[in-house]
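Colleague: Dropping in structure-v2.txt, with compact mmCIF, N, CA and C atoms.
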```txt
# COMPACT_ATOMS: atom_id res chain seq x y z
N MET A 1 0.85 -1.17 0.00
CA MET A 1 0.00 0.00 0.00
C MET A 1 0.90 1.24 0.00
N ALA A 2 0.66 2.15 -0.93
CA ALA A 2 1.48 3.35 -1.05
C ALA A 2 1.12 4.34 0.05
N LYS A 3 2.15 4.96 0.61
CA LYS A 3 1.93 5.97 1.64
C LYS A 3 1.46 7.26 0.99
N ARG A 4 0.50 7.92 1.60
CA ARG A 4 0.07 9.22 1.12
C ARG A 4 0.97 10.25 1.78
N MET A 5 1.66 11.02 0.96
CA MET A 5 2.55 12.03 1.49
C MET A 5 1.77 13.30 1.80
N PRO A 6 1.94 13.84 2.99
CA PRO A 6 1.23 15.07 3.33
C PRO A 6 1.80 16.24 2.53
N ALA A 7 0.94 17.18 2.23
CA ALA A 7 1.41 18.38 1.54
C ALA A 7 2.01 19.33 2.56
N VAL A 8 3.19 19.85 2.26
CA VAL A 8 3.80 20.85 3.12
C VAL A 8 3.06 22.16 2.83
N ARG A 9 2.67 22.83 3.87
CA ARG A 9 1.89 24.05 3.69
C ARG A 9 2.64 25.27 4.22
N ILE A 10 2.39 26.38 3.55
CA ILE A 10 2.85 27.66 4.09
C ILE A 10 1.86 28.02 5.18
N THR A 11 2.35 28.41 6.34
CA THR A 11 1.41 28.80 7.38
C THR A 11 0.76 30.12 7.00
N ALA A 12 -0.44 30.32 7.46
CA ALA A 12 -1.18 31.53 7.14
C ALA A 12 -0.40 32.77 7.55
N GLY A 13 0.31 32.67 8.66
CA GLY A 13 1.10 33.80 9.13
C GLY A 13 2.21 34.22 8.17
N HIS A 14 2.79 33.25 7.47
CA HIS A 14 3.83 33.59 6.51
C HIS A 14 3.31 34.47 5.39
N LEU A 15 2.05 34.27 5.01
CA LEU A 15 1.48 35.02 3.90
C LEU A 15 0.54 36.13 4.34
N GLY A 16 0.34 36.26 5.64
CA GLY A 16 -0.60 37.26 6.12
C GLY A 16 -2.04 36.90 5.77
N LEU A 17 -2.35 35.60 5.68
CA LEU A 17 -3.68 35.14 5.32
C LEU A 17 -4.37 34.51 6.52
N GLU A 18 -5.66 34.37 6.42
CA GLU A 18 -6.42 33.63 7.42
C GLU A 18 -6.11 32.15 7.27
N GLU A 19 -6.32 31.38 8.30
CA GLU A 19 -6.01 29.94 8.30
C GLU A 19 -6.67 29.22 7.13
N ASP A 20 -7.90 29.57 6.78
CA ASP A 20 -8.62 28.89 5.71
C ASP A 20 -8.09 29.23 4.32
N ASP A 21 -7.26 30.27 4.20
CA ASP A 21 -6.76 30.71 2.91
C ASP A 21 -5.41 30.12 2.54
N ARG A 22 -4.92 29.14 3.32
CA ARG A 22 -3.63 28.53 3.01
C ARG A 22 -3.70 27.79 1.69
N GLU A 23 -2.55 27.67 1.05
CA GLU A 23 -2.50 26.92 -0.20
C GLU A 23 -1.44 25.83 -0.09
N ASP A 24 -1.68 24.73 -0.77
CA ASP A 24 -0.71 23.64 -0.80
C ASP A 24 0.50 24.07 -1.59
N VAL A 25 1.67 23.77 -1.06
CA VAL A 25 2.91 24.10 -1.75
C VAL A 25 3.47 22.88 -2.44
N LEU A 26 3.43 21.72 -1.75
CA LEU A 26 3.95 20.50 -2.34
C LEU A 26 2.80 19.57 -2.70
N THR A 27 2.47 19.54 -3.97
CA THR A 27 1.48 18.60 -4.46
C THR A 27 2.15 17.24 -4.58
N GLU A 28 1.39 16.23 -4.94
CA GLU A 28 1.96 14.89 -5.07
C GLU A 28 3.08 14.86 -6.12
N ASP A 29 2.89 15.56 -7.25
CA ASP A 29 3.94 15.61 -8.28
C ASP A 29 5.18 16.33 -7.76
N LYS A 30 4.98 17.42 -7.06
CA LYS A 30 6.10 18.18 -6.51
C LYS A 30 6.81 17.34 -5.44
N TRP A 31 6.03 16.60 -4.65
CA TRP A 31 6.58 15.73 -3.62
C TRP A 31 7.51 14.70 -4.27
N LYS A 32 7.06 14.13 -5.37
CA LYS A 32 7.86 13.14 -6.10
C LYS A 32 9.15 13.78 -6.62
N GLN A 33 9.07 15.00 -7.11
CA GLN A 33 10.26 15.71 -7.60
C GLN A 33 11.26 15.95 -6.47
N VAL A 34 10.77 16.32 -5.31
CA VAL A 34 11.65 16.55 -4.16
C VAL A 34 12.35 15.25 -3.78
N ARG A 35 11.60 14.14 -3.72
CA ARG A 35 12.20 12.85 -3.40
C ARG A 35 13.27 12.49 -4.43
N GLU A 36 12.97 12.67 -5.71
CA GLU A 36 13.94 12.36 -6.76
C GLU A 36 15.19 13.23 -6.63
N LYS A 37 14.99 14.48 -6.29
CA LYS A 37 16.12 15.40 -6.10
C LYS A 37 16.99 14.94 -4.93
N LEU A 38 16.35 14.55 -3.83
CA LEU A 38 17.10 14.06 -2.66
C LEU A 38 17.84 12.77 -3.00
N GLU A 39 17.18 11.86 -3.69
CA GLU A 39 17.81 10.58 -4.04
C GLU A 39 18.98 10.78 -5.00
N ALA A 40 18.82 11.70 -5.97
CA ALA A 40 19.91 11.99 -6.91
C ALA A 40 21.10 12.61 -6.17
N ALA A 41 20.81 13.54 -5.28
CA ALA A 41 21.89 14.17 -4.49
C ALA A 41 22.58 13.14 -3.63
N GLN A 42 21.82 12.19 -3.09
CA GLN A 42 22.40 11.14 -2.27
C GLN A 42 23.33 10.26 -3.10
N GLN A 43 22.91 9.88 -4.29
CA GLN A 43 23.75 9.06 -5.17
C GLN A 43 25.04 9.80 -5.54
N GLU A 44 24.92 11.08 -5.87
CA GLU A 44 26.10 11.88 -6.21
C GLU A 44 27.05 11.98 -5.02
N THR A 45 26.49 12.17 -3.85
CA THR A 45 27.30 12.30 -2.65
C THR A 45 28.04 11.01 -2.32
N VAL A 46 27.34 9.89 -2.43
CA VAL A 46 27.96 8.59 -2.18
C VAL A 46 29.09 8.34 -3.19
N ALA A 47 28.85 8.68 -4.45
CA ALA A 47 29.87 8.49 -5.48
C ALA A 47 31.10 9.36 -5.19
N GLU A 48 30.88 10.59 -4.75
CA GLU A 48 32.01 11.48 -4.45
C GLU A 48 32.76 11.01 -3.21
N ILE A 49 32.05 10.51 -2.22
CA ILE A 49 32.71 9.96 -1.03
C ILE A 49 33.59 8.78 -1.44
N SER A 50 33.06 7.93 -2.28
CA SER A 50 33.81 6.77 -2.75
C SER A 50 35.06 7.20 -3.52
N ARG A 51 34.88 8.19 -4.40
CA ARG A 51 36.01 8.67 -5.21
C ARG A 51 37.11 9.26 -4.33
N LEU A 52 36.73 10.10 -3.38
CA LEU A 52 37.73 10.71 -2.51
C LEU A 52 38.39 9.69 -1.59
N SER A 53 37.64 8.70 -1.17
CA SER A 53 38.23 7.63 -0.34
C SER A 53 39.28 6.87 -1.13
N GLU A 54 39.01 6.63 -2.40
CA GLU A 54 39.99 5.94 -3.25
C GLU A 54 41.23 6.80 -3.45
N VAL A 55 41.05 8.09 -3.59
CA VAL A 55 42.19 9.01 -3.75
C VAL A 55 43.09 8.91 -2.52
N LEU A 56 42.48 8.91 -1.34
CA LEU A 56 43.27 8.82 -0.11
C LEU A 56 44.00 7.48 -0.02
N LYS A 57 43.34 6.40 -0.39
CA LYS A 57 43.95 5.07 -0.32
C LYS A 57 45.13 4.94 -1.29
N SER A 58 45.02 5.61 -2.43
CA SER A 58 46.04 5.44 -3.46
C SER A 58 47.31 6.26 -3.22
N GLU A 59 47.24 7.20 -2.30
CA GLU A 59 48.42 8.01 -2.04
C GLU A 59 49.50 7.19 -1.34
N LEU A 60 50.71 7.45 -1.73
CA LEU A 60 51.85 6.74 -1.12
C LEU A 60 52.17 7.35 0.24
N ASP A 61 52.63 6.52 1.14
CA ASP A 61 53.07 7.03 2.43
C ASP A 61 54.32 7.86 2.23
N ALA A 62 54.38 8.97 2.90
CA ALA A 62 55.54 9.85 2.78
C ALA A 62 56.69 9.34 3.63
N ASP A 63 57.86 9.61 3.17
CA ASP A 63 59.07 9.25 3.93
C ASP A 63 59.20 10.27 5.06
N PRO A 64 59.22 9.81 6.32
CA PRO A 64 59.28 10.75 7.44
C PRO A 64 60.53 11.64 7.40
N GLU A 65 61.59 11.15 6.80
CA GLU A 65 62.83 11.93 6.71
C GLU A 65 62.70 13.08 5.71
N GLU A 66 61.87 12.91 4.71
CA GLU A 66 61.73 13.93 3.65
C GLU A 66 60.59 14.89 3.93
N GLY A 67 59.82 14.64 4.95
CA GLY A 67 58.65 15.48 5.20
C GLY A 67 57.50 14.98 4.34
N ASP A 68 56.39 15.65 4.40
CA ASP A 68 55.21 15.23 3.65
C ASP A 68 54.67 16.41 2.84
N PRO A 69 55.09 16.51 1.58
CA PRO A 69 54.63 17.64 0.77
C PRO A 69 53.13 17.58 0.45
N ASP A 70 52.52 16.42 0.54
CA ASP A 70 51.11 16.30 0.20
C ASP A 70 50.19 16.35 1.43
N LEU A 71 50.75 16.65 2.58
CA LEU A 71 49.97 16.67 3.80
C LEU A 71 48.79 17.64 3.70
N TYR A 72 49.02 18.82 3.15
CA TYR A 72 47.96 19.82 3.02
C TYR A 72 46.82 19.28 2.15
N GLU A 73 47.16 18.65 1.04
CA GLU A 73 46.14 18.10 0.14
C GLU A 73 45.35 16.98 0.81
N ARG A 74 46.02 16.13 1.57
CA ARG A 74 45.34 15.05 2.27
C ARG A 74 44.39 15.60 3.32
N GLU A 75 44.84 16.62 4.05
CA GLU A 75 43.98 17.23 5.06
C GLU A 75 42.76 17.89 4.42
N LYS A 76 42.98 18.51 3.28
CA LYS A 76 41.87 19.13 2.56
C LYS A 76 40.88 18.06 2.09
N THR A 77 41.39 16.95 1.57
CA THR A 77 40.53 15.86 1.13
C THR A 77 39.76 15.26 2.30
N LEU A 78 40.42 15.11 3.45
CA LEU A 78 39.74 14.60 4.63
C LEU A 78 38.62 15.53 5.09
N ALA A 79 38.86 16.83 5.01
CA ALA A 79 37.83 17.80 5.39
C ALA A 79 36.64 17.71 4.43
N LEU A 80 36.93 17.57 3.13
CA LEU A 80 35.85 17.41 2.15
C LEU A 80 35.05 16.14 2.42
N LEU A 81 35.75 15.07 2.75
CA LEU A 81 35.08 13.81 3.07
C LEU A 81 34.15 13.99 4.27
N GLY A 82 34.62 14.68 5.28
CA GLY A 82 33.79 14.93 6.46
C GLY A 82 32.53 15.69 6.11
N ASN A 83 32.67 16.72 5.28
CA ASN A 83 31.50 17.50 4.86
C ASN A 83 30.53 16.66 4.05
N LEU A 84 31.08 15.82 3.16
CA LEU A 84 30.23 14.96 2.34
C LEU A 84 29.50 13.92 3.19
N GLU A 85 30.17 13.41 4.21
CA GLU A 85 29.53 12.44 5.10
C GLU A 85 28.39 13.10 5.89
N GLU A 86 28.58 14.35 6.30
CA GLU A 86 27.50 15.09 6.96
C GLU A 86 26.32 15.27 6.02
N LYS A 87 26.62 15.63 4.77
CA LYS A 87 25.56 15.82 3.78
C LYS A 87 24.84 14.51 3.53
N GLN A 88 25.58 13.41 3.44
CA GLN A 88 24.98 12.10 3.22
C GLN A 88 24.03 11.75 4.37
N TYR A 89 24.45 12.02 5.59
CA TYR A 89 23.59 11.77 6.74
C TYR A 89 22.31 12.61 6.62
N SER A 90 22.46 13.88 6.29
CA SER A 90 21.31 14.78 6.19
C SER A 90 20.35 14.34 5.09
N LEU A 91 20.88 13.89 3.96
CA LEU A 91 20.04 13.41 2.87
C LEU A 91 19.28 12.15 3.30
N SER A 92 19.96 11.22 3.93
CA SER A 92 19.30 9.99 4.40
C SER A 92 18.22 10.32 5.43
N HIS A 93 18.53 11.26 6.31
CA HIS A 93 17.59 11.67 7.34
C HIS A 93 16.35 12.31 6.71
N ALA A 94 16.55 13.17 5.72
CA ALA A 94 15.42 13.82 5.04
C ALA A 94 14.54 12.79 4.33
N LEU A 95 15.17 11.81 3.69
CA LEU A 95 14.39 10.76 3.02
C LEU A 95 13.60 9.93 4.04
N ALA A 96 14.19 9.67 5.19
CA ALA A 96 13.48 8.94 6.25
C ALA A 96 12.29 9.76 6.75
N LYS A 97 12.47 11.07 6.85
CA LYS A 97 11.37 11.94 7.29
C LYS A 97 10.25 11.96 6.25
N MET A 98 10.62 11.85 4.97
CA MET A 98 9.58 11.75 3.93
C MET A 98 8.79 10.45 4.13
N ASP A 99 9.51 9.37 4.43
CA ASP A 99 8.87 8.08 4.61
C ASP A 99 7.93 8.06 5.81
N ASP A 100 8.30 8.76 6.88
CA ASP A 100 7.43 8.72 8.06
C ASP A 100 6.43 9.88 8.11
N GLY A 101 6.43 10.70 7.05
CA GLY A 101 5.41 11.76 6.95
C GLY A 101 5.72 13.03 7.70
N THR A 102 6.97 13.20 8.17
CA THR A 102 7.30 14.42 8.92
C THR A 102 8.21 15.36 8.15
N TYR A 103 8.44 15.09 6.88
CA TYR A 103 9.30 15.97 6.06
C TYR A 103 8.66 17.35 5.97
N GLY A 104 9.50 18.37 6.09
CA GLY A 104 9.01 19.74 6.01
C GLY A 104 8.63 20.34 7.35
N LYS A 105 8.79 19.57 8.41
CA LYS A 105 8.53 20.06 9.77
C LYS A 105 9.85 20.22 10.49
N CYS A 106 10.01 21.32 11.21
CA CYS A 106 11.23 21.57 11.98
C CYS A 106 11.33 20.55 13.12
N GLU A 107 12.50 19.96 13.29
CA GLU A 107 12.71 18.98 14.35
C GLU A 107 12.71 19.59 15.74
N VAL A 108 12.94 20.89 15.83
CA VAL A 108 13.01 21.54 17.14
C VAL A 108 11.64 22.09 17.56
N CYS A 109 11.05 22.93 16.73
CA CYS A 109 9.81 23.60 17.12
C CYS A 109 8.55 22.95 16.54
N GLY A 110 8.72 22.09 15.54
CA GLY A 110 7.57 21.41 14.95
C GLY A 110 6.80 22.22 13.93
N GLN A 111 7.21 23.45 13.69
CA GLN A 111 6.53 24.30 12.71
C GLN A 111 6.94 23.90 11.30
N ASP A 112 6.12 24.30 10.31
CA ASP A 112 6.46 24.05 8.92
C ASP A 112 7.72 24.83 8.54
N ILE A 113 8.60 24.19 7.80
CA ILE A 113 9.77 24.87 7.24
C ILE A 113 9.30 25.57 5.98
N ILE A 114 9.66 26.84 5.81
CA ILE A 114 9.14 27.58 4.66
C ILE A 114 9.62 26.94 3.35
N PRO A 115 8.75 26.93 2.35
CA PRO A 115 9.07 26.27 1.08
C PRO A 115 10.35 26.78 0.42
N GLU A 116 10.64 28.05 0.55
CA GLU A 116 11.87 28.59 -0.05
C GLU A 116 13.11 27.94 0.55
N ARG A 117 13.07 27.67 1.85
CA ARG A 117 14.21 27.02 2.51
C ARG A 117 14.32 25.57 2.04
N LEU A 118 13.18 24.89 1.93
CA LEU A 118 13.19 23.51 1.45
C LEU A 118 13.66 23.44 0.00
N GLU A 119 13.33 24.44 -0.77
CA GLU A 119 13.79 24.48 -2.17
C GLU A 119 15.31 24.64 -2.22
N ALA A 120 15.83 25.51 -1.38
CA ALA A 120 17.28 25.76 -1.37
C ALA A 120 18.05 24.61 -0.74
N LEU A 121 17.53 24.06 0.35
CA LEU A 121 18.17 22.96 1.09
C LEU A 121 17.13 21.87 1.34
N PRO A 122 16.87 21.03 0.34
CA PRO A 122 15.80 20.05 0.51
C PRO A 122 16.06 19.04 1.62
N TYR A 123 17.30 18.96 2.11
CA TYR A 123 17.62 18.00 3.17
C TYR A 123 17.63 18.65 4.55
N THR A 124 17.18 19.88 4.65
CA THR A 124 17.15 20.55 5.94
C THR A 124 16.06 19.96 6.83
N THR A 125 16.30 19.97 8.11
CA THR A 125 15.29 19.50 9.07
C THR A 125 14.99 20.57 10.12
N TYR A 126 15.50 21.77 9.90
CA TYR A 126 15.27 22.90 10.81
C TYR A 126 14.71 24.09 10.05
N CYS A 127 13.84 24.85 10.72
CA CYS A 127 13.44 26.14 10.18
C CYS A 127 14.63 27.09 10.37
N VAL A 128 14.59 28.24 9.75
CA VAL A 128 15.70 29.19 9.80
C VAL A 128 16.01 29.61 11.24
N GLN A 129 14.98 29.92 12.00
CA GLN A 129 15.18 30.40 13.37
C GLN A 129 15.84 29.33 14.24
N CYS A 130 15.35 28.11 14.16
CA CYS A 130 15.91 27.04 15.01
C CYS A 130 17.32 26.66 14.57
N LYS A 131 17.59 26.69 13.27
CA LYS A 131 18.94 26.39 12.79
C LYS A 131 19.93 27.40 13.36
N ALA A 132 19.54 28.67 13.37
CA ALA A 132 20.41 29.70 13.92
C ALA A 132 20.67 29.45 15.40
N LEU A 133 19.65 29.05 16.14
CA LEU A 133 19.81 28.76 17.56
C LEU A 133 20.71 27.54 17.79
N VAL A 134 20.57 26.52 16.95
CA VAL A 134 21.41 25.33 17.06
C VAL A 134 22.86 25.70 16.76
N GLU A 135 23.09 26.48 15.71
CA GLU A 135 24.46 26.86 15.35
C GLU A 135 25.12 27.70 16.43
N ARG A 136 24.34 28.53 17.13
CA ARG A 136 24.90 29.35 18.21
C ARG A 136 25.03 28.59 19.51
N GLY A 137 24.52 27.37 19.55
CA GLY A 137 24.60 26.56 20.76
C GLY A 137 23.57 26.92 21.80
N VAL A 138 22.57 27.71 21.42
CA VAL A 138 21.54 28.11 22.36
C VAL A 138 20.65 26.92 22.69
N ILE A 139 20.35 26.11 21.67
CA ILE A 139 19.60 24.88 21.87
C ILE A 139 20.39 23.73 21.25
N ALA A 140 20.13 22.54 21.73
CA ALA A 140 20.84 21.36 21.22
C ALA A 140 20.10 20.77 20.07
N GLY A 141 20.84 20.41 19.04
CA GLY A 141 20.27 19.69 17.91
C GLY A 141 20.39 18.21 18.16
N PRO A 142 20.23 17.40 17.11
CA PRO A 142 20.40 15.95 17.27
C PRO A 142 21.79 15.64 17.80
N SER A 143 21.93 14.50 18.43
CA SER A 143 23.21 14.13 19.03
C SER A 143 24.33 14.04 18.01
N THR A 144 23.98 13.78 16.74
CA THR A 144 25.01 13.69 15.71
C THR A 144 25.48 15.07 15.25
N GLN A 145 24.65 16.09 15.45
CA GLN A 145 24.93 17.44 14.99
C GLN A 145 25.21 17.48 13.49
N LEU A 146 24.60 16.58 12.73
CA LEU A 146 24.85 16.53 11.31
C LEU A 146 23.67 17.03 10.48
N ALA A 147 22.49 17.07 11.01
CA ALA A 147 21.34 17.50 10.23
C ALA A 147 21.40 18.99 10.00
N ARG A 148 20.95 19.40 8.86
CA ARG A 148 20.98 20.82 8.50
C ARG A 148 19.68 21.48 8.80
```
Give the structure from the file, written as structure tokens.

Modeller:
Amino acid sequence: MAKRMPAVRITAGHLGLEEDDREDVLTEDKWKQVREKLEAAQQETVAEISRLSEVLKSELDADPEEGDPDLYEREKTLALLGNLEEKQYSLSHALAKMDDGTYGKCEVCGQDIIPERLEALPYTTYCVQCKALVERGVIAGPSTQLAR
């Protein structure tokens, strides 16, 4: 049995409208497009993680007597890998939220995430206000601190 995906709505307050005047932002077709976008980004991210991991494995160990001229490049590659792993986690988390019907809701306050933010960062799980509070350490995010 196929799950019915809820439509993410703009709250009336965002548009200055009465509650009854809200409009659906994510129709079923749009919902499918968002899922496809997340899945494509996930595949690209996994492929890039794999590629960078292979680059690191293929590098020769430096001779300790000669120093390590490639140390900077390896550190840069490791930092990129870390960022990609965070993104991969966020993408997987967003897809799981789609599956359980909570996609588009802020994990902290429970309010709808504005459609413009979801368009820009489809794997986000925080509204703008809560993300700012998490980044400043005012409130705690998930224990992994990887969700966007």

Colleague: If you measure from CA of Leu91 in chain A to CA of Leu38 in chain A, what distance in Å do you get, rounded to one decimal?

Modeller: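 Taking CA of Leu91 in chain A as the start and CA of Leu38 in chain A as the end point, the length is 6.3 Å.
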
Colleague: Please indicate the distance in Å from atom C of Ile49 in chain A to atom N of Tyr72 in chain A, rounded to one decimal place.

Modeller: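 Between atom C of Ile49 in chain A and atom N of Tyr72 in chain A the gap is 19.0 Å.
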
Colleague: Out of range 79-130 of chain A, which residues get alpha helix (DSSP H) from DSSP, as a PyMOL selection string?

Modeller: chain A and resi 79-100+115-120+128-130

Colleague: Would you save the residues from that selection as an mmCIF file, in the coordinates of the input, using N, CA and C atoms?

Modeller:
```cif
data_model
loop_
_atom_site.group_PDB
_atom_site.id
_atom_site.type_symbol
_atom_site.label_atom_id
_atom_site.label_comp_id
_atom_site.auth_asym_id
_atom_site.auth_seq_id
_atom_site.Cartn_x
_atom_site.Cartn_y
_atom_site.Cartn_z
ATOM 1 N N ALA A 79 38.860 16.830 5.010
ATOM 2 C CA ALA A 79 37.830 17.800 5.390
ATOM 3 C C ALA A 79 36.640 17.710 4.430
ATOM 4 N N LEU A 80 36.930 17.570 3.130
ATOM 5 C CA LEU A 80 35.850 17.410 2.150
ATOM 6 C C LEU A 80 35.050 16.140 2.420
ATOM 7 N N LEU A 81 35.750 15.070 2.750
ATOM 8 C CA LEU A 81 35.080 13.810 3.070
ATOM 9 C C LEU A 81 34.150 13.990 4.270
ATOM 10 N N GLY A 82 34.620 14.680 5.280
ATOM 11 C CA GLY A 82 33.790 14.930 6.460
ATOM 12 C C GLY A 82 32.530 15.690 6.110
ATOM 13 N N ASN A 83 32.670 16.720 5.280
ATOM 14 C CA ASN A 83 31.500 17.500 4.860
ATOM 15 C C ASN A 83 30.530 16.660 4.050
ATOM 16 N N LEU A 84 31.080 15.820 3.160
ATOM 17 C CA LEU A 84 30.230 14.960 2.340
ATOM 18 C C LEU A 84 29.500 13.920 3.190
ATOM 19 N N GLU A 85 30.170 13.410 4.210
ATOM 20 C CA GLU A 85 29.530 12.440 5.100
ATOM 21 C C GLU A 85 28.390 13.100 5.890
ATOM 22 N N GLU A 86 28.580 14.350 6.300
ATOM 23 C CA GLU A 86 27.500 15.090 6.960
ATOM 24 C C GLU A 86 26.320 15.270 6.020
ATOM 25 N N LYS A 87 26.620 15.630 4.770
ATOM 26 C CA LYS A 87 25.560 15.820 3.780
ATOM 27 C C LYS A 87 24.840 14.510 3.530
ATOM 28 N N GLN A 88 25.580 13.410 3.440
ATOM 29 C CA GLN A 88 24.980 12.100 3.220
ATOM 30 C C GLN A 88 24.030 11.750 4.370
ATOM 31 N N TYR A 89 24.450 12.020 5.590
ATOM 32 C CA TYR A 89 23.590 11.770 6.740
ATOM 33 C C TYR A 89 22.310 12.610 6.620
ATOM 34 N N SER A 90 22.460 13.880 6.290
ATOM 35 C CA SER A 90 21.310 14.780 6.190
ATOM 36 C C SER A 90 20.350 14.340 5.090
ATOM 37 N N LEU A 91 20.880 13.890 3.960
ATOM 38 C CA LEU A 91 20.040 13.410 2.870
ATOM 39 C C LEU A 91 19.280 12.150 3.300
ATOM 40 N N SER A 92 19.960 11.220 3.930
ATOM 41 C CA SER A 92 19.300 9.990 4.400
ATOM 42 C C SER A 92 18.220 10.320 5.430
ATOM 43 N N HIS A 93 18.530 11.260 6.310
ATOM 44 C CA HIS A 93 17.590 11.670 7.340
ATOM 45 C C HIS A 93 16.350 12.310 6.710
ATOM 46 N N ALA A 94 16.550 13.170 5.720
ATOM 47 C CA ALA A 94 15.420 13.820 5.040
ATOM 48 C C ALA A 94 14.540 12.790 4.330
ATOM 49 N N LEU A 95 15.170 11.810 3.690
ATOM 50 C CA LEU A 95 14.390 10.760 3.020
ATOM 51 C C LEU A 95 13.600 9.930 4.040
ATOM 52 N N ALA A 96 14.190 9.670 5.190
ATOM 53 C CA ALA A 96 13.480 8.940 6.250
ATOM 54 C C ALA A 96 12.290 9.760 6.750
ATOM 55 N N LYS A 97 12.470 11.070 6.850
ATOM 56 C CA LYS A 97 11.370 11.940 7.290
ATOM 57 C C LYS A 97 10.250 11.960 6.250
ATOM 58 N N MET A 98 10.620 11.850 4.970
ATOM 59 C CA MET A 98 9.580 11.750 3.930
ATOM 60 C C MET A 98 8.790 10.450 4.130
ATOM 61 N N ASP A 99 9.510 9.370 4.430
ATOM 62 C CA ASP A 99 8.870 8.080 4.610
ATOM 63 C C ASP A 99 7.930 8.060 5.810
ATOM 64 N N ASP A 100 8.300 8.760 6.880
ATOM 65 C CA ASP A 100 7.430 8.720 8.060
ATOM 66 C C ASP A 100 6.430 9.880 8.110
ATOM 67 N N PRO A 115 8.750 26.930 2.350
ATOM 68 C CA PRO A 115 9.070 26.270 1.080
ATOM 69 C C PRO A 115 10.350 26.780 0.420
ATOM 70 N N GLU A 116 10.640 28.050 0.550
ATOM 71 C CA GLU A 116 11.870 28.590 -0.050
ATOM 72 C C GLU A 116 13.110 27.940 0.550
ATOM 73 N N ARG A 117 13.070 27.670 1.850
ATOM 74 C CA ARG A 117 14.210 27.020 2.510
ATOM 75 C C ARG A 117 14.320 25.570 2.040
ATOM 76 N N LEU A 118 13.180 24.890 1.930
ATOM 77 C CA LEU A 118 13.190 23.510 1.450
ATOM 78 C C LEU A 118 13.660 23.440 0.000
ATOM 79 N N GLU A 119 13.330 24.440 -0.770
ATOM 80 C CA GLU A 119 13.790 24.480 -2.170
ATOM 81 C C GLU A 119 15.310 24.640 -2.220
ATOM 82 N N ALA A 120 15.830 25.510 -1.380
ATOM 83 C CA ALA A 120 17.280 25.760 -1.370
ATOM 84 C C ALA A 120 18.050 24.610 -0.740
ATOM 85 N N VAL A 128 14.590 28.240 9.750
ATOM 86 C CA VAL A 128 15.700 29.190 9.800
ATOM 87 C C VAL A 128 16.010 29.610 11.240
ATOM 88 N N GLN A 129 14.980 29.920 12.000
ATOM 89 C CA GLN A 129 15.180 30.400 13.370
ATOM 90 C C GLN A 129 15.840 29.330 14.240
ATOM 91 N N CYS A 130 15.350 28.110 14.160
ATOM 92 C CA CYS A 130 15.910 27.040 15.010
ATOM 93 C C CYS A 130 17.320 26.660 14.570
#
```

Colleague: Between A:Val34, A:Ala120, A:Val46, A:Val138, which is the closest to Gln88 in chain A once you count all atoms listed in the file?

Modeller: A:Val46
